[in-house]
Amino acid sequence: MGKTISLNHLTKVEGHADLTITINKGKIEKCELSSAEGSRYFEALLKDRNCLEAPEITSRICGICSCAHSTAAVEAVERAIGLKVTEQTKTLRELLMIGERIRSHSTHLYFLALPDYLGYDNALEMTKKHRKDIERSLRLNKLGNDIIKVVGGRVMHPVASQVGGFTKLPTQEEIDTLRKRLQEAQEDAYETAKLFLKLKHPKFSRESEYFSVYNDTDYGLLRGNMQSQKNKFKQQDYAKYLSEYHVYHATAKFVAKEGKAYMVGALARLNNSYKFLSKNAKKIINEAKIKFPITNPFMTNAAQAIELVHYVDRGAEICRKLKIKEEKPIKPEYKKGRGIAAIEAPRGVLWHDYEVNENGVITKANIIAPTTQNLANMEEDIKNYLPTLLKLPEKQIVLEIEKLIRAYDPCFSCSTHFLKVTWNKK
């Protein structure tokens with residue numbers, strides 16, 4: 001007779017879903033990672049709406065990544081109607097995204113991932129023995145929030161960044177203040193990377209196809225071609241390589257690249273673009289004697305910590321060079337077209353694809369969030385990691401699986417929620 005064990009949903013991720021595991025005589029017969037929330041129909045909400053509404057609507061897909069969704073929407077619309085923005089607008093959008101990256105990474109690392117490695121249920125329990133770590137996280141988080149507020153107009157769901165430019169520009173004094181704070185934060189970022197590189201990560205390795213935005217001049221964020229170890233292609237050609245599909249056990253779409261699972265996120269970016277990191281980020285890599293490619297998915301936490309160093313440095317560099325000049329957003333002129341934008345959200349490549357008619361109305365929309373692209377790869381990692389855990393008590397097995405899933409920093413609220421585990425033993 002088979003035995004079924006149902007466990008409460010996984011904490012310390014964005015959202016929840018179900019994981020069903022069937023073990024027969026010590027072998028994994030089934031491993032299904034499924035969403036538990038119904039579709040939210042954001043693509044349908046966009047249809048028949050004016051394209052200028054897209055940034056405001058899509059920023060509601062995710063509070064944590066609202067800047068990423070808003071920015072991807074803005075750039076997709078601009079490409080659809082052929083609007084080109086100023087260099088200052090491009091720079092401010094990058095700074096906005098850096099603020100979100102700092103906020104997101106610091107939150108995930110300290111509040112969602114670190115408790116697992118230090119033996120705590122949550123970050124609040126860590127405050128007595130690890131107060132300095134929590135305070136460091138809060139400083140970084142506040143810095144990220146303040147960058148978003150200065151550039152985007154408010155902490156969540158930015159309003160200043162719109163199609164054609166910014167409706168409200170930060171003052172030069174605000175930019176100069178951010179520069180000083182970013183420079184002061186370099187020590188916090190560096191200490192974060194040292195901490196996460198010292199953690200004892202599970203010994204597990206499985207090579208994936210690592211997929212990210214890539215260009216030949218900097219650490220890919222907003223612009224570039226798409227790259228993995230296998231090939232490189234332009235953003236507008238994504239449909240030739242990526243396919244979305246449904247599985248019977250999940251409401252969220254899965255995504256495959258040429259029929260196979262792949263990985264997006266900090267580890268993929270690091271594997272593809274580590275040579276474009278800041279000097280401080282390269283220094284920490286050399287000190288840790290990291291060899292590429294990194295094939296242990298648990299090292300995604302360390303990759304995010306290294307990115308924190310890079311983006312704090314990059315933000316300070318932008319603010320040092322940026323001299324704000326008054327300019328109004330470029331007024332859009334509607335024409336029929338299609339715009340595709342792939343940018344790097346904190347958790348990986350985010351796709352916005354819009355078709356717009358001659359009146360500026362969206363006739364078709366497709367959005368692919370990072371977590372949906374990682375679902376198949378997470379399943380493959382769990383299948384390969386589980387056999388090494390079967391001699392452990394069930395409670396410990398579940399914790400190890402949760403650590404693996406949390407390493408991906410999944411945002412199931414973008415597409416699903418997470419996690420109840422069902423065991424079927426035979």
# chains A, B, ... in the order shown; residues from 1 in each chain; ligands from 1

$ residues_around --residues "Leu140 (chain A)" --least-positions-apart "3" --cutoff "12 Å" --atoms "only C-alpha atoms" --output "PyMOL selection string"
chain A and resi 98-110+133-137+143-147+181-192+305+308-309+311-312

$ residues_around --residues "region 56-73 of chain A" --least-positions-apart "4" --cutoff "6 Å" --atoms "only C-alpha atoms" --output "list in words"
His157, Ala341, Ala345, His352 and Cys414 of chain A

$ write_last_selection --atoms "C-alpha atoms" --output "CSV table (one decimal), in the first residue's frame"
chain,number,residue,atom,x,y,z
A,157,HIS,CA,4.9,50.3,-8.6
A,341,ALA,CA,11.7,43.5,-24.7
A,345,ALA,CA,14.6,41.0,-13.5
A,352,HIS,CA,7.2,41.5,-22.6
A,414,CYS,CA,4.1,36.3,-10.5

$ residues_around --residues "Cys319 (chain A)" --least-positions-apart "2" --cutoff "9 Å" --atoms "only C-alpha atoms" --output "PyMOL selection string"
chain A and resi 95+175-180+182+314-317+321-323

$ select_by_dssp --residues "region 130-338 of chain A" --states "strand (DSSP E or B)" --output "list in words"
Ser161, Gln162, Gly165, Phe166, Tyr210, Ser212, Val213, Tyr214, Asn225, Met226, Gln227, Lys232, Phe233, Leu242, Ser243, Glu244, Tyr245, Phe254, Val255, Ala256, Lys257, Lys260, Met263, Gly337 and Arg338 of chain A

$ select_by_dssp --residues "region 189-386 of chain A" --states "helix (DSSP H, G or I)" --output "PyMOL selection string"
chain A and resi 189-198+235-240+266-276+279-288+297-321+370-386

$ atom_distance --atom1 "CA of Pro332 (chain A)" --atom2 "CA of Phe233 (chain A)"
28.6 Å

$ residues_around --residues "Val74 (chain A)" --least-positions-apart "4" --cutoff "9 Å" --atoms "only C-alpha atoms" --output "ChimeraX atom specification"
/A:51-52,54-55,69-70,78-79,161-164,341

$ residues_around --residues "region 26-31 of chain A" --least-positions-apart "4" --cutoff "9 Å" --atoms "only C-alpha atoms" --output "PyMOL selection string"
chain A and resi 19-22+379-380+382-384+386-387+390+424-426

$ residues_around --residues "Arg338 (chain A)" --least-positions-apart "3" --cutoff "9 Å" --atoms "only C-alpha atoms" --output "count of residues only"
10

$ decode --residues "region 202-314 of chain A" --atoms "C-alpha atoms" --output "compact mmCIF listing (two decimals), in the first residue's frame"
# COMPACT_ATOMS: atom_id res chain seq x y z
CA PRO A 202 25.10 21.09 -0.22
CA LYS A 203 27.36 19.13 -2.53
CA PHE A 204 25.17 18.84 -5.58
CA SER A 205 26.01 19.56 -9.19
CA ARG A 206 23.92 19.36 -12.34
CA GLU A 207 24.81 21.26 -15.45
CA SER A 208 21.95 23.24 -16.96
CA GLU A 209 21.69 25.53 -19.94
CA TYR A 210 22.34 28.97 -18.46
CA PHE A 211 20.38 31.64 -20.27
CA SER A 212 20.58 35.43 -19.88
CA VAL A 213 20.65 38.83 -21.55
CA TYR A 214 24.16 39.34 -22.84
CA ASN A 215 26.17 42.03 -24.55
CA ASP A 216 29.87 42.48 -25.23
CA THR A 217 30.39 45.61 -23.14
CA ASP A 218 28.81 45.20 -19.70
CA TYR A 219 26.99 42.92 -17.27
CA GLY A 220 23.68 42.45 -19.12
CA LEU A 221 20.64 44.13 -17.61
CA LEU A 222 18.40 46.04 -20.01
CA ARG A 223 19.93 45.54 -23.44
CA GLY A 224 21.65 42.83 -25.40
CA ASN A 225 21.17 39.57 -27.23
CA MET A 226 20.15 36.33 -25.57
CA GLN A 227 22.93 33.90 -24.77
CA SER A 228 23.60 30.47 -23.32
CA GLN A 229 26.47 28.02 -23.72
CA LYS A 230 24.73 26.64 -26.80
CA ASN A 231 23.76 29.67 -28.86
CA LYS A 232 23.09 33.37 -29.12
CA PHE A 233 20.08 35.02 -30.72
CA LYS A 234 18.33 38.37 -30.95
CA GLN A 235 15.46 39.18 -28.62
CA GLN A 236 12.94 39.44 -31.45
CA ASP A 237 13.67 35.82 -32.41
CA TYR A 238 12.74 34.34 -29.03
CA ALA A 239 9.72 32.44 -30.38
CA LYS A 240 12.05 30.35 -32.55
CA TYR A 241 13.79 29.02 -29.43
CA LEU A 242 11.38 29.27 -26.47
CA SER A 243 8.05 27.49 -26.21
CA GLU A 244 5.43 27.79 -23.49
CA TYR A 245 3.42 24.72 -22.61
CA HIS A 246 0.92 23.43 -20.08
CA VAL A 247 1.27 20.37 -17.90
CA TYR A 248 -1.70 18.56 -16.37
CA HIS A 249 -0.52 19.06 -12.79
CA ALA A 250 -0.04 22.87 -12.88
CA THR A 251 -1.98 26.01 -13.72
CA ALA A 252 1.19 27.97 -14.54
CA LYS A 253 2.81 27.65 -17.92
CA PHE A 254 6.17 25.93 -18.17
CA VAL A 255 8.77 27.13 -20.67
CA ALA A 256 11.30 25.11 -22.65
CA LYS A 257 14.20 26.20 -24.80
CA GLU A 258 14.37 24.03 -27.88
CA GLY A 259 12.39 21.41 -25.99
CA LYS A 260 14.60 21.30 -22.89
CA ALA A 261 14.68 22.85 -19.43
CA TYR A 262 17.00 25.78 -18.82
CA MET A 263 18.00 28.11 -16.01
CA VAL A 264 17.67 31.89 -15.68
CA GLY A 265 18.67 34.16 -12.82
CA ALA A 266 21.79 35.28 -10.97
CA LEU A 267 23.71 32.03 -11.51
CA ALA A 268 23.02 32.10 -15.25
CA ARG A 269 24.05 35.77 -15.48
CA LEU A 270 27.22 35.11 -13.53
CA ASN A 271 28.18 32.11 -15.66
CA ASN A 272 27.66 34.08 -18.88
CA SER A 273 28.91 37.55 -17.94
CA TYR A 274 31.27 37.30 -14.95
CA LYS A 275 34.06 39.00 -16.90
CA PHE A 276 31.99 42.22 -16.96
CA LEU A 277 31.58 42.45 -13.17
CA SER A 278 32.94 45.40 -11.20
CA LYS A 279 36.47 45.27 -9.77
CA ASN A 280 35.20 44.59 -6.28
CA ALA A 281 32.98 41.75 -7.48
CA LYS A 282 35.89 40.22 -9.41
CA LYS A 283 38.05 40.55 -6.31
CA ILE A 284 35.62 38.52 -4.20
CA ILE A 285 35.46 35.86 -6.95
CA ASN A 286 39.24 35.61 -7.00
CA GLU A 287 39.44 35.43 -3.19
CA ALA A 288 36.89 32.60 -3.18
CA LYS A 289 38.73 30.86 -6.06
CA ILE A 290 35.49 30.33 -7.97
CA LYS A 291 35.71 28.33 -11.18
CA PHE A 292 33.25 28.76 -14.04
CA PRO A 293 30.78 27.50 -14.99
CA ILE A 294 29.19 27.04 -11.58
CA THR A 295 26.91 24.00 -11.80
CA ASN A 296 25.61 23.81 -8.21
CA PRO A 297 22.16 25.49 -8.12
CA PHE A 298 22.55 26.16 -4.38
CA MET A 299 25.25 28.63 -5.38
CA THR A 300 22.57 30.94 -6.76
CA ASN A 301 22.56 32.53 -3.30
CA ALA A 302 26.27 33.28 -3.60
CA ALA A 303 25.73 34.55 -7.15
CA GLN A 304 23.12 37.03 -5.89
CA ALA A 305 25.54 38.18 -3.18
CA ILE A 306 28.26 38.77 -5.77
CA GLU A 307 25.75 40.69 -7.87
CA LEU A 308 25.01 42.89 -4.87
CA VAL A 309 28.65 43.95 -4.87
CA HIS A 310 28.54 44.64 -8.60
CA TYR A 311 25.29 46.62 -8.59
CA VAL A 312 26.23 48.77 -5.61
CA ASP A 313 29.44 49.62 -7.47
CA ARG A 314 27.61 50.18 -10.74
